[in-house]
Amino acid sequence: MLKSTFTPIFWALVPKPMSPKLSPNVIINTFANSTSLVRQNVSLKQHQCITPSSAYIHLPFCRKRCHYCDFPIVALGSASAQIDDDPRVVNYIQWLCREISATQVELDAKAPLETVYFGGGTPSLVPPRLVSLVLEALKMKFGLSEDAEISMEMDPGTFNAKTMKEVMLLGVNRVSLGVQAFQEKLLKSCGRAHGVQEVHEAIDIVKLCGVENWSIDLIASLPHQTSDMWKESLRLTIEAEPTHVSVYDLQIEQGTKFGNLYTPGEFPLPSETQSADFYKMASRMLCDANYNHYEISSYGKSGYECKHNFTYWKNKPFYAFGLGSASYIGGLRFSRPKKVNDYMKFVENLENGLVNSSGDGQIHAKDTATDIVMLSLRTARGLDMKCFEESFGSSIVSSLIEAYIPYVESGHVVCLDEERRTMGIAELNNSLLHKTNTERKLAYIRLSDPEGFLLSNELISLAFGVIDNCMDCLQHLEVV
């Protein structure tokens, strides 16, 4: 399951260049020459009126809760063999389909879904016949493109070749295999329900069934994980030849077993320096194996980047259905209840017109701007400066460039022109003399790989500060 908010990888692990402080007078004077507010508002409205073409489906069932997991799940028990008839699963699917059917959609804005993502939980525990009901509900409500990417998270030990072939016949054409580690000790220590033998069996099943588009998920910085262990996991992953690899750094969440046992950066967890080394090793080994590092945690063979996740990275709207899931429609995020009984009540209220699953509230330009920056800087493509200027004005762009110049000099931030040619520091300094981004020739700002990605928390927070200052000064001008 993908969280609606993202934790950047690390705090600063290298000496930080000094960041220039932008005085309010400088920002206010810049705003006087900013692109018009009308133009900004029109661009934002166009962005907010985009019809969703992606849907996230939360299937919360697991055999047991992993020690690091804080997602909304329903633990069925390791010995749950009759899941086909488990009333908890059957009833949940019925409520899920009811939510989909009750969701209000403007008929003239309806568009067939281009991507569907079954996350969890462990979606592969849900029988294919029940998955079929969900897909049918989606087709009836929204339509489903013939070439839609339909992804499913699957855990080793929860499916066989028969199950895999059945979900493929339903249209599932992308599999995300939750391996996490190739060491028995590590799998047990983090509470995974599968072992190494089941990992290899699952990989064999995926290949035997002819799944062309599939990913392996790995977790770095686990308790007692060594550099040799991490290197082995990366090597075995590369040898398995998936078309995609996701590498996540362990986050210690409050309320989890790990949250009660461990403190980040302290033994038996790796230190920050060790975690950074793990990240650099993954980047080096996977890129050497011809995987494109297209997002902070994501590597894909050419043409096999996850289309659904690009919906998130581009800050595009998407539907979400099921326990605890969060949708993003019309510029607003809306989270569903995380407890089953509360979720069922929510669906009833939705059917009776008492709640709006698209969310209610005011859209703030500052929130939209920070979302776009945070999500864009997670990707290799980076932040599209011309589009950003069209939505929020030239002053914010000028301020971002000025704030990032020390990090361009240190190699953590890369500035690119329209041909994605790297701009030198002299060229960048000269660009600050121009009022608009068209004159500046600057097309994108991205974080370098891996050093910039490692400093993502610092660099994204810096951008947030710039946006806060600029937006506050803009409100001051409007009042005056």
# chains A, B, ... in the order shown; residues from 1 in each chain; ligands from 1
call {"tool": "residues_around", "arguments": {"residues": "Lys314 in chain A", "least_positions_apart": "3", "cutoff": "8 Å", "atoms": "only C-alpha atoms", "output": "ChimeraX atom specification"}}
result
/A:310-311,372,375-376
call {"tool": "residues_around", "arguments": {"residues": "His194 in chain A", "least_positions_apart": "6", "cutoff": "12 Å", "atoms": "only C-alpha atoms", "output": "list in words"}}
result
Cys62, Arg63, Lys64, Cys66, Ser78, Met154, Asp155, Pro156, Gly157, Thr158, Phe159, Leu177, Gly178, Val179, Gln180, Ala181, Phe182, Gln183, Glu184, Lys185, Leu186, Leu187, Lys188, His200, Glu201 and Ala202 of chain A
call {"tool": "closest_residue", "arguments": {"among": "A:Val90, A:Met164, A:Ile100, A:Val245", "to": "Glu295 in chain A", "atoms": "only C-alpha atoms"}}
result
A:Val245
call {"tool": "closest_residue", "arguments": {"among": "A:Ser221, A:Ser358, A:Asn173, A:Ser461", "to": "Pro52 in chain A", "atoms": "only C-alpha atoms"}}
result
A:Ser358
call {"tool": "residues_around", "arguments": {"residues": "Leu400 in chain A", "least_positions_apart": "4", "cutoff": "10 Å", "atoms": "only C-alpha atoms", "output": "count of residues only"}}
result
13
call {"tool": "atom_distance", "arguments": {"atom1": "CA of Pro268 in chain A", "atom2": "CA of His67 in chain A"}}
result
14.5 Å
call {"tool": "select_by_dssp", "arguments": {"residues": "range 66-270 of chain A", "states": "helix (DSSP H, G or I)", "output": "NGL selection string"}}
result
:A and (83-85 or 87-102 or 107-109 or 123-125 or 128-141 or 161-170 or 184-189 or 196-208 or 227-240 or 257-261)
call {"tool": "residues_around", "arguments": {"residues": "Val347 in chain A", "least_positions_apart": "4", "cutoff": "10 Å", "atoms": "only C-alpha atoms", "output": "number ranges by chain"}}
result
A: 95-100, 102-103, 322, 336-337, 342-343, 351-355, 357
call {"tool": "write_last_selection", "arguments": {"atoms": "N, CA and C atoms", "output": "PDB file, in the first residue's frame"}}
result
ATOM      1  N   TRP A  95     -18.714  -5.028   0.616  1.00  0.00           N
ATOM      2  CA  TRP A  95     -18.717  -3.617   1.000  1.00  0.00           C
ATOM      3  C   TRP A  95     -17.857  -2.792   0.044  1.00  0.00           C
ATOM      4  N   LEU A  96     -16.744  -3.349  -0.376  1.00  0.00           N
ATOM      5  CA  LEU A  96     -15.858  -2.666  -1.308  1.00  0.00           C
ATOM      6  C   LEU A  96     -16.577  -2.377  -2.629  1.00  0.00           C
ATOM      7  N   CYS A  97     -17.282  -3.370  -3.153  1.00  0.00           N
ATOM      8  CA  CYS A  97     -18.032  -3.191  -4.405  1.00  0.00           C
ATOM      9  C   CYS A  97     -19.159  -2.180  -4.225  1.00  0.00           C
ATOM     10  N   ARG A  98     -19.757  -2.166  -3.041  1.00  0.00           N
ATOM     11  CA  ARG A  98     -20.797  -1.181  -2.769  1.00  0.00           C
ATOM     12  C   ARG A  98     -20.219   0.234  -2.758  1.00  0.00           C
ATOM     13  N   GLU A  99     -19.024   0.386  -2.207  1.00  0.00           N
ATOM     14  CA  GLU A  99     -18.396   1.715  -2.215  1.00  0.00           C
ATOM     15  C   GLU A  99     -18.145   2.182  -3.645  1.00  0.00           C
ATOM     16  N   ILE A 100     -17.607   1.279  -4.467  1.00  0.00           N
ATOM     17  CA  ILE A 100     -17.334   1.632  -5.859  1.00  0.00           C
ATOM     18  C   ILE A 100     -18.626   2.073  -6.557  1.00  0.00           C
ATOM     19  N   ALA A 102     -21.361   3.240  -5.278  1.00  0.00           N
ATOM     20  CA  ALA A 102     -21.978   4.437  -4.700  1.00  0.00           C
ATOM     21  C   ALA A 102     -21.186   5.713  -4.972  1.00  0.00           C
ATOM     22  N   THR A 103     -19.991   5.581  -5.507  1.00  0.00           N
ATOM     23  CA  THR A 103     -19.153   6.749  -5.769  1.00  0.00           C
ATOM     24  C   THR A 103     -19.763   7.602  -6.879  1.00  0.00           C
ATOM     25  N   GLY A 322     -11.661   1.220  -0.371  1.00  0.00           N
ATOM     26  CA  GLY A 322     -11.314   0.242   0.637  1.00  0.00           C
ATOM     27  C   GLY A 322     -10.776   0.849   1.913  1.00  0.00           C
ATOM     28  N   ARG A 336     -10.361   7.212   3.884  1.00  0.00           N
ATOM     29  CA  ARG A 336     -11.443   6.399   4.423  1.00  0.00           C
ATOM     30  C   ARG A 336     -11.063   5.858   5.798  1.00  0.00           C
ATOM     31  N   PRO A 337     -12.072   5.466   6.603  1.00  0.00           N
ATOM     32  CA  PRO A 337     -11.786   4.948   7.951  1.00  0.00           C
ATOM     33  C   PRO A 337     -10.855   3.738   7.920  1.00  0.00           C
ATOM     34  N   ASP A 342     -16.084   1.020  11.124  1.00  0.00           N
ATOM     35  CA  ASP A 342     -16.202   2.417  10.721  1.00  0.00           C
ATOM     36  C   ASP A 342     -16.271   2.533   9.202  1.00  0.00           C
ATOM     37  N   TYR A 343     -15.516   1.689   8.527  1.00  0.00           N
ATOM     38  CA  TYR A 343     -15.544   1.704   7.061  1.00  0.00           C
ATOM     39  C   TYR A 343     -16.927   1.314   6.538  1.00  0.00           C
ATOM     40  N   GLU A 351     -23.742   5.686   0.394  1.00  0.00           N
ATOM     41  CA  GLU A 351     -24.915   5.250  -0.359  1.00  0.00           C
ATOM     42  C   GLU A 351     -26.123   6.147  -0.103  1.00  0.00           C
ATOM     43  N   ASN A 352     -26.199   6.692   1.102  1.00  0.00           N
ATOM     44  CA  ASN A 352     -27.330   7.541   1.470  1.00  0.00           C
ATOM     45  C   ASN A 352     -27.071   9.024   1.192  1.00  0.00           C
ATOM     46  N   GLY A 353     -25.942   9.310   0.559  1.00  0.00           N
ATOM     47  CA  GLY A 353     -25.636  10.690   0.200  1.00  0.00           C
ATOM     48  C   GLY A 353     -25.231  11.574   1.350  1.00  0.00           C
ATOM     49  N   LEU A 354     -24.791  10.969   2.449  1.00  0.00           N
ATOM     50  CA  LEU A 354     -24.430  11.742   3.640  1.00  0.00           C
ATOM     51  C   LEU A 354     -22.959  12.150   3.672  1.00  0.00           C
ATOM     52  N   VAL A 355     -22.136  11.539   2.825  1.00  0.00           N
ATOM     53  CA  VAL A 355     -20.721  11.909   2.732  1.00  0.00           C
ATOM     54  C   VAL A 355     -20.342  12.032   1.264  1.00  0.00           C
ATOM     55  N   SER A 357     -17.216  11.275  -1.106  1.00  0.00           N
ATOM     56  CA  SER A 357     -15.913  10.598  -1.138  1.00  0.00           C
ATOM     57  C   SER A 357     -14.863  11.373  -1.926  1.00  0.00           C
TER      58      SER A 357
END
call {"tool": "closest_residue", "arguments": {"among": "A:Leu286, A:Gly259, A:Arg381, A:Gly77", "to": "Glu239 in chain A", "atoms": "only C-alpha atoms"}}
result
A:Leu286
call {"tool": "atom_distance", "arguments": {"atom1": "CA of Leu170 in chain A", "atom2": "CA of Val131 in chain A"}}
result
8.2 Å
call {"tool": "closest_residue", "arguments": {"among": "A:Asn309, A:Asn341, A:Ser302, A:Ser132", "to": "Tyr117 in chain A", "atoms": "only C-alpha atoms"}}
result
A:Asn309
call {"tool": "residues_around", "arguments": {"residues": "Val247 in chain A", "least_positions_apart": "3", "cutoff": "10 Å", "atoms": "only C-alpha atoms", "output": "NGL selection string"}}
result
:A and (180 or 216-220 or 234 or 250 or 279 or 282-283 or 296-299)
call {"tool": "closest_residue", "arguments": {"among": "A:His364, A:Ile50, A:Val408, A:Gly382", "to": "Tyr328 in chain A", "atoms": "only C-alpha atoms"}}
result
A:Ile50
call {"tool": "closest_residue", "arguments": {"among": "A:Glu418, A:Met168, A:Pro72, A:Ser215", "to": "Ser335 in chain A", "atoms": "only C-alpha atoms"}}
result
A:Pro72
call {"tool": "decode", "arguments": {"residues": "range 184-250 of chain A", "atoms": "C-alpha atoms", "output": "compact mmCIF listing (two decimals), in the first residue's frame"}}
result
# COMPACT_ATOMS: atom_id res chain seq x y z
CA GLU A 184 15.91 -16.42 6.66
CA LYS A 185 17.17 -14.59 9.74
CA LEU A 186 15.99 -11.21 8.48
CA LEU A 187 12.59 -12.49 7.34
CA LYS A 188 11.94 -13.97 10.76
CA SER A 189 13.19 -10.91 12.62
CA CYS A 190 10.74 -8.62 10.82
CA GLY A 191 7.79 -10.98 11.23
CA ARG A 192 7.30 -12.01 7.62
CA ALA A 193 5.04 -15.03 7.14
CA HIS A 194 7.24 -16.54 4.40
CA GLY A 195 10.73 -17.98 4.26
CA VAL A 196 13.54 -17.99 1.69
CA GLN A 197 12.37 -21.26 0.11
CA GLU A 198 8.95 -19.72 -0.55
CA VAL A 199 10.66 -16.70 -2.10
CA HIS A 200 12.41 -18.86 -4.69
CA GLU A 201 9.22 -20.87 -5.31
CA ALA A 202 7.26 -17.65 -5.91
CA ILE A 203 9.86 -16.38 -8.39
CA ASP A 204 9.69 -19.71 -10.25
CA ILE A 205 5.88 -19.51 -10.41
CA VAL A 206 5.96 -15.97 -11.79
CA LYS A 207 8.36 -17.04 -14.52
CA LEU A 208 6.58 -20.33 -15.26
CA CYS A 209 3.26 -18.53 -15.76
CA GLY A 210 4.80 -16.06 -18.17
CA VAL A 211 4.27 -12.85 -16.21
CA GLU A 212 6.18 -10.35 -18.32
CA ASN A 213 5.89 -7.28 -16.10
CA TRP A 214 6.86 -8.01 -12.50
CA SER A 215 8.68 -6.38 -9.63
CA ILE A 216 10.61 -7.47 -6.55
CA ASP A 217 10.28 -5.39 -3.37
CA LEU A 218 13.24 -5.17 -0.98
CA ILE A 219 13.64 -3.43 2.39
CA ALA A 220 16.97 -1.94 3.47
CA SER A 221 18.14 -1.06 6.99
CA LEU A 222 16.43 -3.98 8.74
CA PRO A 223 17.60 -4.95 12.26
CA HIS A 224 20.90 -6.89 12.15
CA GLN A 225 21.17 -6.39 8.38
CA THR A 226 24.78 -6.28 7.23
CA SER A 227 26.36 -4.94 4.07
CA ASP A 228 27.04 -8.51 2.87
CA MET A 229 23.39 -9.47 3.43
CA TRP A 230 22.17 -6.45 1.48
CA LYS A 231 24.61 -7.13 -1.34
CA GLU A 232 23.40 -10.74 -1.52
CA SER A 233 19.74 -9.65 -1.69
CA LEU A 234 20.53 -7.24 -4.52
CA ARG A 235 22.57 -9.89 -6.37
CA LEU A 236 19.84 -12.54 -6.11
CA THR A 237 17.25 -9.98 -7.19
CA ILE A 238 19.25 -9.11 -10.30
CA GLU A 239 19.76 -12.81 -11.07
CA ALA A 240 15.98 -13.35 -10.88
CA GLU A 241 15.62 -10.82 -13.72
CA PRO A 242 12.45 -8.95 -12.72
CA THR A 243 11.55 -6.03 -14.97
CA HIS A 244 11.25 -3.74 -11.95
CA VAL A 245 12.73 -3.43 -8.45
CA SER A 246 11.47 -1.32 -5.54
CA VAL A 247 13.93 -0.59 -2.73
CA TYR A 248 12.46 0.86 0.47
CA ASP A 249 14.33 2.10 3.51
CA LEU A 250 12.82 0.81 6.74
